[in-house]
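Only one structure is covered here, and it is reproduced in the block below.
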Number of protein chains: 2
Amino acid sequence: MKLDDLLQQDSEWVKGTGPNSNIVMSSRTRLARNLDKFPFSNWANKKQLAEILAIVEGAVRSTNFLKNSLLLKIKDLSEVDRLFLVERHLMSLDHTKNPEYKALVIDPKEVVSVMINEEDHLRIQVLQSGFNLMEAWRIIDEIDTELSKHLTYGYSARWGYLTACPTNTGTALRGSVMLHLPALVFTGQTGKVLQATAKLGLNVRGLYGEGTEASGNFFQVSNQASMGRPEVDIIDNIERIINQIISREETTQKALLGKNKEAVVDRVWRAYGTLKSAHIITSNETIALLSTIRLGVDLGIVKNLDKMLVNELLILTQPAHLQKLEGKLLSANERDVKRADLIREKLK
Amino acid sequence: MKLDDLLQQDSEWVKGTGPNSNIVMSSRTRLARNLDKFPFSNWANKKQLAEILAIVEGAVRSTNFLKNSLLLKIKDLSEVDRLFLVERHLMSLDHTKNPEYKALVIDPKEVVSVMINEEDHLRIQVLQSGFNLMEAWRIIDEIDTELSKHLTYGYSARWGYLTACPTNTGTALRGSVMLHLPALVFTGQTGKVLQATAKLGLNVRGLYGEGTEASGNFFQVSNQASMGRPEVDIIDNIERIINQIISREETTQKALLGKNKEAVVDRVWRAYGTLKSAHIITSNETIALLSTIRLGVDLGIVKNLDKMLVNELLILTQPAHLQKLEGKLLSANERDVKRADLIREKLK
């Protein structure tokens, strides 16, 4: 398997299958782990970083789960390839910087990835399409158990797993789901709903994680605290709250087909018309319009359009994906033109 | 001929044929005339108004030009029919009010119309598609000559034709053209060009005359003064200035296909995509989008689309036209829905 093969398959992140996939695009679990005999990556010297990398690599290769995975040295990757992996949510933007001793492990199905020497020695991630957080937990727990047979983690009986940033200490588990909430946005209810969500101990972020704004009605919701209760409870708590948001979004979607129907139908078809017609389009506008079309498909307004195609366009129209498809570097203006070309071609 | 027959034919106002019809939609001349033995309409009593109406009606019926024309009593028309005639530029909005002794004469081709008892006893108008102002003058002069054999006008050797409003006294001639200047608007040059036009003694107004804003890149330009020089000179002066504006617009359109090409292509196709997709659309947005598509047809960006259809939609999507097509009164919201339906159907 090679990196470029990923371009031929649907990213688990936007595949849009699995339970409640009309509202939950994907579910993700993440564990942070550190080797007990080494300083955290940002404090380690070059020799130590090289050693950490070698040890983790060896352990990964010894697991059943990851023995056939792709192991990428970040320093060997072009800038576009690095951003390509970020766009597929297989690694963080931070992981593209100071790449000397960093690596990324990806299983061929893009379900599992491991960042080596990001701020923690290991950041293990499991992605599942749709609302599948407990399954994502089950898989990551299994991988963690397997890896722990080959690695000795920094762990305190009092604090739990030790991590570079204290907010992750404890279980070092982050569970998150990417939600698509067009009806709540349309009716102006998102502020209230997401405030309530925050009060219940969950963070809300945009499409590309921390520091990014929610765009196109997509929201990432994850737990704030990872300490003080067992992993299964953390996951269970997120699931319960997300279930309430799902139900609220579903009710609102149905209500939209009542008195707001013409306005929704108008907005959906205009979005479709614009995407089929534009010759210059930014990434942000694309996400917003695709989001509206997704709603249209879910509400049965747009027929004869495969939602998989909408999901696929969400990822293929990202800057690095576009450049990989074109096989060359493109300026922002050139990307806006190529993006519009690609969308028109795909929606023809 | 009946009023409703007009709905089946292209309004001369937006027919879009004739010289320079890519930039000049239509040309119009107007003469104001008053009978010498009666006060102006706004000062006349009911008996006098009835007499004026009868006298002018008799004269109109005696001319070759207008003997087969449609003579409509404004009081007999529904509100929608009145607005329908305003939308076709066959009469003014003022003429719809206090309709008791008002009438409108229309020749079957909609080239000539005569308002009786608007602010002047007669307001004669000739419309020509495209840039045809001198021809519009020639026709109106002929009608005026014919009518004057049957009517005695208020005329002063010193001031010329006497009119209700002193700004019209003299020749009482107004020549105007409706310009479509999308490239000048696109490149932000309209302000400068239209300011210069005003300095040269021409008025600039919106699509529906005095007090209306220019919308969708359409501008009406007409002479300010109607006194102090012969009619042919007035027309000639307008033509010379308009020729300069046309040439400026043409140069700018060509330049647009240079470095701004992608942006223009994008805007044109987005306009087309929106019109083909919208389910709710206002009259103003419709005019703006149709205007952009017109530019696209003129620049060869949109092929396989008859510009006549674009022109036809400009008039059919107006509120009264929509209601006549539907055969019933519609609220503004209902019109926005029906307008979108009609456009999608016509552009299919």
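Scheme for the structure tokens: letters A, B, ... for chains in order shown; per-chain residue numbers from 1; ligand numbers from 1 in order shown.
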
_Give me the residues near Val126 (chain B) as a ChimeraX atom specification, where near means some atom within 6 Å (using only C-alpha atoms) and where sequence neighbours in that chain fewer than 4 positions away do not count._
/B:28-29,111-112,136

Store the residues picked out above, limited to all heavy atoms, as a PDB file, in the first residue's frame.
```
ATOM      1  N   ARG B  28     -37.123  55.537 -26.989  1.00  0.00           N
ATOM      2  CA  ARG B  28     -38.476  56.039 -26.789  1.00  0.00           C
ATOM      3  C   ARG B  28     -38.523  57.544 -27.012  1.00  0.00           C
ATOM      4  O   ARG B  28     -37.632  58.261 -26.572  1.00  0.00           O
ATOM      5  CB  ARG B  28     -38.904  55.719 -25.357  1.00  0.00           C
ATOM      6  CG  ARG B  28     -40.256  56.242 -24.977  1.00  0.00           C
ATOM      7  CD  ARG B  28     -40.805  55.515 -23.785  1.00  0.00           C
ATOM      8  NE  ARG B  28     -39.934  55.622 -22.609  1.00  0.00           N
ATOM      9  CZ  ARG B  28     -40.417  55.624 -21.357  1.00  0.00           C
ATOM     10  NH1 ARG B  28     -41.708  55.507 -21.151  1.00  0.00           N
ATOM     11  NH2 ARG B  28     -39.604  55.723 -20.342  1.00  0.00           N
ATOM     12  N   THR B  29     -39.567  57.988 -27.701  1.00  0.00           N
ATOM     13  CA  THR B  29     -39.825  59.430 -27.758  1.00  0.00           C
ATOM     14  C   THR B  29     -41.183  59.690 -27.133  1.00  0.00           C
ATOM     15  O   THR B  29     -42.064  58.832 -27.155  1.00  0.00           O
ATOM     16  CB  THR B  29     -39.839  59.955 -29.214  1.00  0.00           C
ATOM     17  OG1 THR B  29     -40.683  59.108 -30.000  1.00  0.00           O
ATOM     18  CG2 THR B  29     -38.440  59.944 -29.820  1.00  0.00           C
ATOM     19  N   VAL B 111     -46.070  49.919 -30.483  1.00  0.00           N
ATOM     20  CA  VAL B 111     -45.080  50.938 -30.837  1.00  0.00           C
ATOM     21  C   VAL B 111     -45.555  52.316 -30.355  1.00  0.00           C
ATOM     22  O   VAL B 111     -44.795  53.084 -29.792  1.00  0.00           O
ATOM     23  CB  VAL B 111     -44.824  50.933 -32.363  1.00  0.00           C
ATOM     24  CG1 VAL B 111     -44.030  52.167 -32.792  1.00  0.00           C
ATOM     25  CG2 VAL B 111     -44.100  49.656 -32.778  1.00  0.00           C
ATOM     26  N   VAL B 112     -46.845  52.568 -30.567  1.00  0.00           N
ATOM     27  CA  VAL B 112     -47.399  53.878 -30.210  1.00  0.00           C
ATOM     28  C   VAL B 112     -48.373  53.741 -29.046  1.00  0.00           C
ATOM     29  O   VAL B 112     -49.163  52.797 -28.999  1.00  0.00           O
ATOM     30  CB  VAL B 112     -48.162  54.497 -31.411  1.00  0.00           C
ATOM     31  CG1 VAL B 112     -48.623  55.913 -31.067  1.00  0.00           C
ATOM     32  CG2 VAL B 112     -47.304  54.480 -32.663  1.00  0.00           C
ATOM     33  N   ALA B 136     -37.832  56.664 -33.924  1.00  0.00           N
ATOM     34  CA  ALA B 136     -38.905  56.920 -32.955  1.00  0.00           C
ATOM     35  C   ALA B 136     -39.354  58.383 -33.061  1.00  0.00           C
ATOM     36  O   ALA B 136     -40.534  58.698 -32.886  1.00  0.00           O
ATOM     37  CB  ALA B 136     -38.434  56.596 -31.536  1.00  0.00           C
TER      38      ALA B 136
END
```

_Check: which chain A residues lie within 6 Å of chain B using only C-alpha atoms, as a list in words_ = Asp266, Trp269, Arg270, Gly273, Thr274, Ser277, Ala278, His279 and Ile280 of chain A

*asked:* Can you measure CA of Lys102 (chain B) to CA of Leu53 (chain B) for me? One decimal in Å is fine.
replied: 7.3 Å

_Test item: residues at most 10 Å from Ser11 (chain A), only C-alpha atoms, excluding those fewer than 6 positions along its chain, as a ChimeraX atom specification_ = /A:87-90,109-111,127-129,311-312,315-316

*Give me, please, the distance in Å between CA of Pro19 (chain A) and CA of Gln253 (chain A), quoted to one decimal.*
17.6 Å

Excluding Lys328 (chain B) and residues on its chain fewer than 2 positions from it, collect all residues at most 12 Å away from it, counting only C-alpha atoms, and give them as a tab-separated table (two decimals) with N, CA and C atoms, in the first residue's frame.
```tsv
chain	number	residue	atom	x	y	z
B	78	SER	N	-58.85	46.56	-14.25
B	78	SER	CA	-58.51	46.10	-12.90
B	78	SER	C	-57.14	46.66	-12.52
B	79	GLU	N	-56.85	46.62	-11.24
B	79	GLU	CA	-55.56	47.08	-10.73
B	79	GLU	C	-54.42	46.34	-11.42
B	80	VAL	N	-54.58	45.03	-11.59
B	80	VAL	CA	-53.53	44.23	-12.22
B	80	VAL	C	-53.32	44.64	-13.67
B	81	ASP	N	-54.43	44.88	-14.38
B	81	ASP	CA	-54.31	45.30	-15.78
B	81	ASP	C	-53.60	46.65	-15.90
B	319	PRO	N	-44.53	41.73	-11.53
B	319	PRO	CA	-45.68	41.33	-10.71
B	319	PRO	C	-47.02	41.22	-11.46
B	320	ALA	N	-47.38	42.23	-12.23
B	320	ALA	CA	-48.70	42.18	-12.87
B	320	ALA	C	-48.72	41.14	-13.99
B	321	HIS	N	-47.62	41.02	-14.72
B	321	HIS	CA	-47.54	39.99	-15.77
B	321	HIS	C	-47.72	38.60	-15.16
B	322	LEU	N	-47.05	38.35	-14.06
B	322	LEU	CA	-47.19	37.06	-13.38
B	322	LEU	C	-48.64	36.79	-13.02
B	323	GLN	N	-49.30	37.79	-12.49
B	323	GLN	CA	-50.68	37.61	-12.04
B	323	GLN	C	-51.62	37.41	-13.22
B	324	LYS	N	-51.33	38.07	-14.33
B	324	LYS	CA	-52.16	37.84	-15.51
B	324	LYS	C	-51.94	36.43	-16.04
B	325	LEU	N	-50.67	35.98	-16.02
B	325	LEU	CA	-50.39	34.62	-16.48
B	325	LEU	C	-51.10	33.59	-15.62
B	326	GLU	N	-51.13	33.87	-14.30
B	326	GLU	CA	-51.78	32.93	-13.38
B	326	GLU	C	-53.30	33.10	-13.39
B	330	LEU	N	-52.11	37.55	-6.62
B	330	LEU	CA	-51.15	36.79	-5.80
B	330	LEU	C	-50.51	37.73	-4.80
B	331	SER	N	-50.25	37.22	-3.60
B	331	SER	CA	-49.49	38.01	-2.62
B	331	SER	C	-48.03	38.06	-3.07
B	334	GLU	N	-46.44	34.69	-2.76
B	334	GLU	CA	-46.92	33.78	-3.81
B	334	GLU	C	-46.28	34.11	-5.15
B	335	ARG	N	-46.12	35.40	-5.41
B	335	ARG	CA	-45.48	35.80	-6.67
B	335	ARG	C	-44.04	35.30	-6.74
B	338	LYS	N	-44.25	31.69	-7.73
B	338	LYS	CA	-44.70	31.52	-9.12
B	338	LYS	C	-43.64	32.03	-10.10
```

*Give the alpha helix (DSSP H) residues of region 238-286 of chain B, as DSSP finds them on the backbone, and put them as an MDAnalysis selection string.*
chainID B and resid 238:256 261:277 283:286

Excluding region 178-183 of chain B and residues on its chain fewer than 4 positions from it, collect all residues at most 8 Å away from it, counting only C-alpha atoms, and give them as a PDB file with N, CA and C atoms, in the first residue's frame.
```
ATOM      1  N   ASN B  22     -27.591  44.838 -28.322  1.00  0.00           N
ATOM      2  CA  ASN B  22     -26.850  44.211 -27.226  1.00  0.00           C
ATOM      3  C   ASN B  22     -26.709  45.168 -26.048  1.00  0.00           C
ATOM      4  N   ILE B  23     -26.694  46.464 -26.333  1.00  0.00           N
ATOM      5  CA  ILE B  23     -26.497  47.440 -25.253  1.00  0.00           C
ATOM      6  C   ILE B  23     -27.713  48.351 -25.068  1.00  0.00           C
ATOM      7  N   VAL B  24     -28.367  48.699 -26.187  1.00  0.00           N
ATOM      8  CA  VAL B  24     -29.570  49.530 -26.066  1.00  0.00           C
ATOM      9  C   VAL B  24     -30.795  48.636 -26.212  1.00  0.00           C
ATOM     10  N   MET B  25     -31.519  48.468 -25.114  1.00  0.00           N
ATOM     11  CA  MET B  25     -32.717  47.632 -25.158  1.00  0.00           C
ATOM     12  C   MET B  25     -33.770  48.282 -26.041  1.00  0.00           C
ATOM     13  N   SER B  26     -34.048  49.559 -25.785  1.00  0.00           N
ATOM     14  CA  SER B  26     -35.107  50.226 -26.550  1.00  0.00           C
ATOM     15  C   SER B  26     -34.919  51.733 -26.523  1.00  0.00           C
ATOM     16  N   SER B  27     -35.579  52.380 -27.479  1.00  0.00           N
ATOM     17  CA  SER B  27     -35.536  53.837 -27.593  1.00  0.00           C
ATOM     18  C   SER B  27     -36.971  54.340 -27.518  1.00  0.00           C
ATOM     19  N   THR B 187     -17.017  46.666 -13.707  1.00  0.00           N
ATOM     20  CA  THR B 187     -15.694  47.261 -13.489  1.00  0.00           C
ATOM     21  C   THR B 187     -15.768  48.570 -12.711  1.00  0.00           C
ATOM     22  N   THR B 190     -19.526  52.854 -13.847  1.00  0.00           N
ATOM     23  CA  THR B 190     -20.826  53.476 -14.115  1.00  0.00           C
ATOM     24  C   THR B 190     -20.944  54.860 -13.501  1.00  0.00           C
ATOM     25  N   LEU B 207     -34.938  51.420 -14.116  1.00  0.00           N
ATOM     26  CA  LEU B 207     -35.717  50.663 -15.088  1.00  0.00           C
ATOM     27  C   LEU B 207     -37.131  51.199 -15.250  1.00  0.00           C
ATOM     28  N   GLY B 216     -30.175  45.738 -11.916  1.00  0.00           N
ATOM     29  CA  GLY B 216     -29.708  44.779 -12.904  1.00  0.00           C
ATOM     30  C   GLY B 216     -28.973  45.424 -14.060  1.00  0.00           C
ATOM     31  N   ASN B 217     -28.237  46.454 -13.803  1.00  0.00           N
ATOM     32  CA  ASN B 217     -27.389  47.095 -14.820  1.00  0.00           C
ATOM     33  C   ASN B 217     -28.184  47.795 -15.917  1.00  0.00           C
ATOM     34  N   PHE B 218     -29.467  48.036 -15.680  1.00  0.00           N
ATOM     35  CA  PHE B 218     -30.279  48.759 -16.656  1.00  0.00           C
ATOM     36  C   PHE B 218     -30.396  50.235 -16.264  1.00  0.00           C
ATOM     37  N   PHE B 219     -30.247  51.099 -17.240  1.00  0.00           N
ATOM     38  CA  PHE B 219     -30.320  52.537 -16.995  1.00  0.00           C
ATOM     39  C   PHE B 219     -31.135  53.200 -18.091  1.00  0.00           C
ATOM     40  N   GLN B 220     -31.993  54.141 -17.690  1.00  0.00           N
ATOM     41  CA  GLN B 220     -32.719  54.937 -18.682  1.00  0.00           C
ATOM     42  C   GLN B 220     -32.085  56.309 -18.762  1.00  0.00           C
ATOM     43  N   VAL B 221     -31.729  56.707 -19.956  1.00  0.00           N
ATOM     44  CA  VAL B 221     -31.097  58.015 -20.149  1.00  0.00           C
ATOM     45  C   VAL B 221     -31.989  58.860 -21.048  1.00  0.00           C
ATOM     46  N   GLU B 249     -18.921  50.857 -23.257  1.00  0.00           N
ATOM     47  CA  GLU B 249     -19.395  49.563 -22.764  1.00  0.00           C
ATOM     48  C   GLU B 249     -18.816  48.426 -23.616  1.00  0.00           C
ATOM     49  N   THR B 252     -15.188  47.844 -22.839  1.00  0.00           N
ATOM     50  CA  THR B 252     -15.050  47.222 -21.525  1.00  0.00           C
ATOM     51  C   THR B 252     -15.469  45.756 -21.571  1.00  0.00           C
ATOM     52  N   GLN B 253     -16.512  45.450 -22.348  1.00  0.00           N
ATOM     53  CA  GLN B 253     -16.932  44.043 -22.482  1.00  0.00           C
ATOM     54  C   GLN B 253     -15.807  43.206 -23.071  1.00  0.00           C
ATOM     55  N   LEU B 256     -13.154  42.607 -20.557  1.00  0.00           N
ATOM     56  CA  LEU B 256     -13.562  41.635 -19.524  1.00  0.00           C
ATOM     57  C   LEU B 256     -13.129  40.227 -19.905  1.00  0.00           C
ATOM     58  N   SER B 291     -29.924  40.072 -16.204  1.00  0.00           N
ATOM     59  CA  SER B 291     -28.967  41.021 -16.754  1.00  0.00           C
ATOM     60  C   SER B 291     -27.592  40.370 -16.914  1.00  0.00           C
ATOM     61  N   THR B 292     -27.177  39.623 -15.907  1.00  0.00           N
ATOM     62  CA  THR B 292     -25.873  38.943 -15.969  1.00  0.00           C
ATOM     63  C   THR B 292     -25.862  37.891 -17.074  1.00  0.00           C
ATOM     64  N   LEU B 295     -25.422  39.470 -20.444  1.00  0.00           N
ATOM     65  CA  LEU B 295     -24.000  39.726 -20.693  1.00  0.00           C
ATOM     66  C   LEU B 295     -23.316  38.447 -21.159  1.00  0.00           C
TER      67      LEU B 295
END
```

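Using only C-alpha atoms, the protein and nucleic acid residues lying no more than 12 Å from Lys97 (chain A), apart from those fewer than 6 places from it along its own chain, are Asn42, Ile74, Lys75, Leu77, Ser78, Glu79, Arg82, Leu83, Val86, Met91, Ala103, Asn117, Glu118 and Glu119 of chain A.
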
Can I get the selection written as a compact mmCIF listing (two decimals), in the first residue's frame, with N, CA, C and O atoms?
```txt
# COMPACT_ATOMS: atom_id res chain seq x y z
N ASN A 42 8.37 16.99 23.11
CA ASN A 42 8.83 18.39 22.99
C ASN A 42 10.02 18.71 23.90
O ASN A 42 10.63 19.76 23.76
N ILE A 74 7.31 11.59 8.45
CA ILE A 74 6.76 12.88 8.03
C ILE A 74 7.79 13.69 7.23
O ILE A 74 7.45 14.37 6.26
N LYS A 75 9.06 13.59 7.60
CA LYS A 75 10.08 14.37 6.88
C LYS A 75 10.22 13.96 5.41
O LYS A 75 10.67 14.74 4.58
N LEU A 77 7.72 13.31 3.51
CA LEU A 77 6.50 13.68 2.77
C LEU A 77 6.56 15.12 2.28
O LEU A 77 7.11 16.00 2.94
N SER A 78 5.99 15.34 1.11
CA SER A 78 5.87 16.72 0.62
C SER A 78 4.86 17.47 1.48
O SER A 78 4.06 16.86 2.20
N GLU A 79 4.88 18.78 1.36
CA GLU A 79 3.93 19.61 2.09
C GLU A 79 2.48 19.22 1.74
O GLU A 79 1.62 19.13 2.61
N ARG A 82 1.45 15.99 3.39
CA ARG A 82 1.17 16.18 4.82
C ARG A 82 -0.23 16.76 5.02
O ARG A 82 -1.01 16.29 5.85
N LEU A 83 -0.55 17.79 4.23
CA LEU A 83 -1.88 18.42 4.38
C LEU A 83 -2.99 17.47 3.95
O LEU A 83 -4.09 17.47 4.51
N VAL A 86 -3.80 15.48 6.85
CA VAL A 86 -4.57 16.29 7.81
C VAL A 86 -6.02 16.39 7.35
O VAL A 86 -6.95 16.23 8.14
N MET A 91 -4.09 12.76 10.75
CA MET A 91 -3.14 13.35 11.69
C MET A 91 -3.45 14.82 11.89
O MET A 91 -4.28 15.41 11.17
N ALA A 103 6.46 10.38 12.82
CA ALA A 103 5.98 9.38 11.86
C ALA A 103 4.47 9.21 12.03
O ALA A 103 3.89 9.64 13.03
N ASN A 117 5.53 10.71 18.11
CA ASN A 117 6.23 11.96 18.44
C ASN A 117 5.49 13.24 18.05
O ASN A 117 6.08 14.22 17.64
N GLU A 118 4.17 13.20 18.16
CA GLU A 118 3.45 14.47 18.19
C GLU A 118 3.69 15.02 19.59
O GLU A 118 4.78 14.82 20.12
N GLU A 119 2.79 15.66 20.29
CA GLU A 119 3.15 16.14 21.63
C GLU A 119 3.29 14.98 22.62
O GLU A 119 4.05 15.08 23.58
```

_Residue nearest Leu200 (chain B) among B:Val60, B:Val14, B:Ile241, B:Ile106 (counting only C-alpha atoms)_ =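 Closest to Leu200 (chain B) of all the choices is B:Ile241.
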
*What's the 7 Å shell around Met115 (chain A), counting only C-alpha atoms, without same-chain residues fewer than 6 positions away, as a list in words?*
Met91, Ala103, Leu104, Val105, Leu122, Arg123 and Ile124 of chain A

_What parts of region 158-295 of chain A does DSSP call strand (DSSP E)? I'd like the answer as a PyMOL selection string._
chain A and resi 160-161+173-180+202-205+218-223

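Between CA of Ile52 (chain A) and CA of Leu35 (chain A) the separation is 7.7 Å.
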
*Using only C-alpha atoms: which of B:Asp94, B:Ala164, B:Phe65, B:Met1 has the shortest distance to Glu146 (chain B)*: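 Of B:Asp94, B:Ala164, B:Phe65, B:Met1, the one nearest Glu146 (chain B) is B:Phe65, counting only C-alpha atoms.
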